[in-house]
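The file run09.txt contains compact mmCIF, C-alpha atoms:
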```
# COMPACT_ATOMS: atom_id res chain seq x y z
CA MET A 1 -2.31 0.98 -47.87
CA VAL A 2 -1.64 4.66 -47.16
CA ARG A 3 -5.37 5.32 -46.85
CA PHE A 4 -5.73 2.41 -44.45
CA LEU A 5 -2.92 3.66 -42.22
CA PHE A 6 -4.29 7.19 -42.32
CA GLY A 7 -7.75 5.94 -41.37
CA PHE A 8 -6.34 3.80 -38.55
CA VAL A 9 -4.34 6.70 -37.09
CA ALA A 10 -7.32 9.03 -37.41
CA ALA A 11 -9.56 6.52 -35.60
CA VAL A 12 -7.06 6.18 -32.74
CA VAL A 13 -6.79 9.97 -32.43
CA ILE A 14 -10.58 10.33 -32.38
CA VAL A 15 -10.94 7.68 -29.68
CA LEU A 16 -8.25 9.31 -27.53
CA LEU A 17 -9.77 12.76 -27.96
CA THR A 18 -13.20 11.39 -27.07
CA MET A 19 -11.81 9.82 -23.89
CA LEU A 20 -10.01 13.06 -23.00
CA CYS A 21 -13.20 15.08 -23.50
CA CYS A 22 -15.18 12.66 -21.34
CA VAL A 23 -12.69 13.12 -18.51
CA ARG A 24 -12.17 16.85 -18.96
CA PHE A 25 -15.86 17.78 -19.12
CA GLY A 26 -17.02 15.74 -16.16
CA PHE A 27 -18.56 12.64 -17.70
CA VAL A 28 -16.48 10.35 -15.47
CA ASP A 29 -18.19 9.55 -12.16
CA PRO A 30 -15.96 10.97 -9.38
CA ARG A 31 -17.64 9.12 -6.50
CA ALA A 32 -15.41 6.88 -4.38
CA ASP A 33 -18.40 4.66 -3.51
CA ALA A 34 -19.23 3.94 -7.16
CA GLU A 35 -18.88 0.37 -8.37
CA VAL A 36 -15.35 -0.50 -9.43
CA GLY A 37 -15.55 -0.75 -13.21
CA VAL A 38 -13.88 -2.78 -15.88
CA PHE A 39 -11.30 -0.06 -16.53
CA GLU A 40 -10.03 -0.17 -12.93
CA SER A 41 -10.09 -3.94 -12.54
CA LYS A 42 -8.91 -5.02 -16.00
CA ILE A 43 -6.65 -2.15 -17.07
CA ALA A 44 -5.67 0.15 -14.19
CA MET A 45 -4.71 -2.54 -11.67
CA PRO A 46 -2.53 -4.60 -14.05
CA ALA A 47 -0.98 -1.32 -15.21
CA LEU A 48 -0.20 -0.44 -11.58
CA ASP A 49 1.41 -3.84 -11.01
CA ALA A 50 3.54 -3.39 -14.13
CA ALA A 51 4.53 0.17 -13.14
CA VAL A 52 5.61 -0.89 -9.64
CA GLU A 53 7.52 -3.88 -10.99
CA ARG A 54 9.35 -1.58 -13.41
CA ARG A 55 10.22 1.10 -10.83
CA ALA A 56 10.83 -0.77 -7.58
CA PRO A 57 14.58 -1.22 -6.98
CA ASN A 58 15.60 -4.87 -7.08
CA VAL A 59 16.82 -5.05 -3.49
CA ALA A 60 16.54 -7.88 -1.00
CA ASN A 61 14.93 -7.51 2.40
CA PRO A 62 17.90 -6.84 4.73
CA ILE A 63 16.23 -8.09 7.92
CA GLN A 64 15.15 -11.50 9.13
CA PRO A 65 11.64 -12.45 10.34
CA THR A 66 12.66 -12.62 13.99
CA ASP A 67 10.05 -12.26 16.70
CA GLU A 68 11.35 -8.75 17.45
CA ASN A 69 11.09 -7.59 13.84
CA LEU A 70 7.67 -9.19 13.38
CA MET A 71 6.42 -7.65 16.63
CA THR A 72 7.61 -4.19 15.58
CA GLY A 73 6.12 -4.63 12.11
CA MET A 74 2.85 -5.75 13.67
CA ARG A 75 2.65 -2.66 15.86
CA THR A 76 3.29 -0.40 12.86
CA TYR A 77 0.68 -2.27 10.82
CA GLN A 78 -1.90 -2.08 13.59
CA ASN A 79 -1.28 1.63 14.08
CA ILE A 80 -1.37 2.87 10.48
CA CYS A 81 -2.63 0.06 8.22
CA ALA A 82 -5.29 -1.98 9.99
CA GLY A 83 -7.98 0.70 9.72
CA CYS A 84 -8.02 0.26 5.93
CA HIS A 85 -6.60 -3.24 5.42
CA GLY A 86 -8.07 -5.22 8.33
CA ASP A 87 -6.46 -7.08 11.22
CA ILE A 88 -6.53 -10.43 12.95
CA LEU A 89 -9.86 -9.73 14.69
CA HIS A 90 -11.43 -7.60 11.94
CA LEU A 91 -10.64 -9.51 8.77
CA HIS A 92 -12.53 -7.05 6.58
CA ALA A 93 -12.13 -3.35 7.36
CA ALA A 94 -15.34 -1.60 6.31
CA PHE A 95 -13.42 1.67 5.90
CA GLY A 96 -11.37 0.03 3.16
CA ASP A 97 -14.53 -0.21 1.06
CA ALA A 98 -14.79 3.58 1.12
CA PHE A 99 -11.84 3.86 -1.30
CA HIS A 100 -11.88 3.62 -5.07
CA PRO A 101 -10.39 1.23 -5.93
CA ARG A 102 -11.14 -0.69 -2.74
CA ALA A 103 -8.29 -1.12 -0.28
CA PRO A 104 -6.95 -4.69 -0.35
CA GLN A 105 -7.90 -6.69 2.74
CA PHE A 106 -4.64 -8.28 3.83
CA ALA A 107 -6.15 -10.13 6.79
CA GLU A 108 -8.42 -11.97 4.33
CA ASP A 109 -5.88 -12.37 1.54
CA ALA A 110 -2.24 -11.99 2.58
CA PRO A 111 -0.17 -9.88 0.15
CA ASP A 112 1.88 -11.93 -2.31
CA MET A 113 3.71 -9.06 -4.02
CA PRO A 114 7.53 -9.32 -3.89
CA GLU A 115 8.98 -7.62 -0.82
CA ASN A 116 10.91 -5.01 -2.78
CA GLN A 117 7.65 -3.93 -4.43
CA ASN A 118 5.80 -3.77 -1.10
CA PHE A 119 8.64 -1.61 0.24
CA TYR A 120 8.35 0.69 -2.78
CA ILE A 121 4.57 1.09 -2.43
CA ILE A 122 4.77 1.78 1.31
CA GLN A 123 7.45 4.40 0.76
CA HIS A 124 5.90 6.15 -2.24
CA GLY A 125 2.18 5.43 -2.01
CA VAL A 126 -0.20 5.05 -4.94
CA ARG A 127 -1.70 8.14 -6.53
CA LEU A 128 -5.50 8.44 -6.91
CA SER A 129 -6.05 5.50 -4.56
CA GLY A 130 -5.88 6.88 -1.02
CA MET A 131 -2.64 5.00 -0.29
CA PRO A 132 -0.23 7.60 1.15
CA ALA A 133 3.55 7.72 0.90
CA TRP A 134 5.06 6.81 4.27
CA LYS A 135 8.74 7.54 3.62
CA GLN A 136 8.58 10.78 5.64
CA ALA A 137 7.00 9.03 8.63
CA LEU A 138 8.76 5.66 8.67
CA THR A 139 12.47 4.91 8.62
CA ASP A 140 13.81 2.34 6.16
CA LEU A 141 14.17 -0.11 9.04
CA GLN A 142 10.56 0.38 10.15
CA THR A 143 9.38 -0.03 6.57
CA TRP A 144 11.29 -3.28 6.14
CA GLN A 145 9.89 -4.54 9.44
CA LEU A 146 6.41 -3.74 8.17
CA VAL A 147 7.16 -5.49 4.87
CA THR A 148 8.43 -8.52 6.78
CA PHE A 149 5.25 -8.62 8.83
CA LEU A 150 3.13 -8.44 5.68
CA SER A 151 5.06 -11.32 4.16
CA ASP A 152 4.60 -13.48 7.27
CA MET A 153 1.20 -12.37 8.51
CA ASP A 154 -0.45 -15.65 7.51
CA LYS A 155 2.23 -17.72 9.31
CA LEU A 156 3.09 -15.73 12.42
CA PRO A 157 4.71 -17.34 15.48
CA PRO A 158 2.18 -17.96 18.29
CA GLN A 159 3.56 -15.19 20.52
CA VAL A 160 3.35 -12.58 17.74
CA SER A 161 -0.14 -13.73 16.79
CA ALA A 162 -1.25 -13.47 20.43
CA ALA A 163 0.22 -9.97 20.72
CA TRP A 164 -1.57 -8.95 17.51
CA LYS A 165 -4.90 -10.20 18.90
CA ALA A 166 -4.32 -8.18 22.06
CA ALA A 167 -3.47 -5.05 20.07
CA ALA A 168 -6.43 -5.53 17.71
CA SER A 169 -8.82 -5.94 20.63
CA ASP A 170 -7.85 -2.44 21.75
CA GLY A 171 -8.76 -1.03 18.33
CA PHE A 172 -7.01 0.55 15.37
CA GLY A 173 -4.04 2.75 16.25
CA SER A 174 -3.59 1.35 19.76
CA ALA A 175 -0.56 -0.91 19.30
CA GLY A 176 2.00 1.62 20.47
CA ALA A 177 3.31 4.98 19.36
CA ASN A 178 1.52 6.77 16.55
CA PRO A 179 4.01 7.27 13.67
CA SER A 180 2.44 10.64 12.86
CA SER A 181 2.85 12.12 16.36
CA ASP A 182 5.50 14.76 16.97
CA THR A 183 7.27 12.61 19.56
CA THR A 184 7.43 9.61 17.27
CA LYS A 185 8.55 11.75 14.32
CA THR A 186 11.43 13.06 16.44
CA LYS A 187 12.40 9.53 17.45
CA MET A 188 12.22 8.37 13.84
CA LYS A 189 14.43 11.27 12.75
CA GLU A 190 16.96 10.32 15.40
CA GLU A 191 16.88 6.69 14.22
CA LYS A 192 17.35 7.78 10.61
CA ASN A 193 20.31 9.98 11.58
CA MET A 194 21.83 7.04 13.45
CA GLU A 195 21.37 4.83 10.37
CA MET A 196 23.06 7.43 8.15
CA SER A 197 25.96 7.89 10.55
CA ALA A 198 26.48 4.13 10.66
CA HIS A 199 27.10 3.99 6.88
```

Turn the structure described in the file into structure tokens.
Amino acid sequence: MVRFLFGFVAAVVIVLLTMLCCVRFGFVDPRADAEVGVFESKIAMPALDAAVERRAPNVANPIQPTDENLMTGMRTYQNICAGCHGDILHLHAAFGDAFHPRAPQFAEDAPDMPENQNFYIIQHGVRLSGMPAWKQALTDLQTWQLVTFLSDMDKLPPQVSAAWKAAASDGFGSAGANPSSDTTKTKMKEEKNMEMSAH
């Protein structure tokens, strides 16, 4: 029994060391345009889902899917998300295929992750994926409005859907203020200060 356990532990250590050497000495293909392999699809993605579920605070969306909130969320999505995740006129964003793993195409397959987890991912990003952390660029309110839009993007009111088509026809990043511009950053900081002073 002792020999069996020793052999089992030794085998596990050898496998782990072999994997570490493969990564450390450049045997893993670094190309973003390489085919997504079994490791990413069968192990990494479920592991990501489990990690987000474990870490995302269990909080409820504090805003309602009103036309105003959906419209604001749509403009944010069109400005900073559509280029990778698609929009109402460009269901599949070709640029999203340039990432490894590929960026999910929300216009083709609406996100079904719980809203608290979507909020967490938008705020903190996903390492080694190209998904940035937006918490320095978006206020909590703007993030929740974006989350609300994602949750309702396959059942939008007609007026919001029409506005999205108009924004998408103008191209990515044309639905209003750019969240990364200095002017918008200043406005966001003012909004965040107002939120903090209100509590």

Tell me, as a PyMOL selection string, which residues lie within 8 Å of Pro57 (chain A), counting only C-alpha atoms; anything in the same chain fewer than 5 positions away does not count.
chain A and resi 116-117+120

Expressed in Å to a single decimal, how great is the separation between CA of Gly86 (chain A) and CA of Glu35 (chain A)?
20.7 Å

Would you mind listing what lies within 8 Å of Leu91 (chain A) as a ChimeraX atom specification, with only C-alpha atoms counted and same-chain residues fewer than 6 positions away left out?
/A:105-108

Give me, as a ChimeraX atom specification, all polymer residues having an atom no more than 9 Å from region 156-173 of chain A, counting only C-alpha atoms and skipping those fewer than 5 positions away in the same chain.
/A:67-68,70-71,74-83,87-90,149,178

Which of these, A:His124, A:His85, A:Arg3, A:His100, has the shortest distance to Arg31 (chain A) once you count all atoms listed in the file?
A:His100

Skipping near chain neighbours, those fewer than 5 positions away, what residues fall within 8 Å of Val147 (chain A) using all atoms listed in the file, listed as a PyMOL selection string?
chain A and resi 73+115+118-119

Please compute the CA of Ser129 (chain A)-CA of Pro101 (chain A) distance, one decimal, in Å.
6.2 Å

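Picture a line from CA of Glu40 (chain A) to CA of Pro114 (chain A); it runs 21.8 Å.
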
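Near (-9.3, 3.2, 2.5), the residues that fall inside 9 Å on the basis of only C-alpha atoms are Gly83, Cys84, His85, Ala93, Ala94, Phe95, Gly96, Asp97, Ala98, Phe99, His100, Pro101, Arg102, Ala103, Pro104, Ser129, Gly130 and Met131 of chain A.
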
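Closest approach to Pro62 (chain A) among A:Leu128, A:Leu5, A:Leu20, A:Leu141: A:Leu141, based on all atoms listed in the file.
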
Go through A:Leu17, A:Ile122, A:Met153, A:Pro46 one by one, measure the shortest atom-to-atom distance of each to Thr139 (chain A) using all atoms listed in the file, and give the residue with the smallest value.
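The answer is A:Ile122, which sits nearest to Thr139 (chain A).
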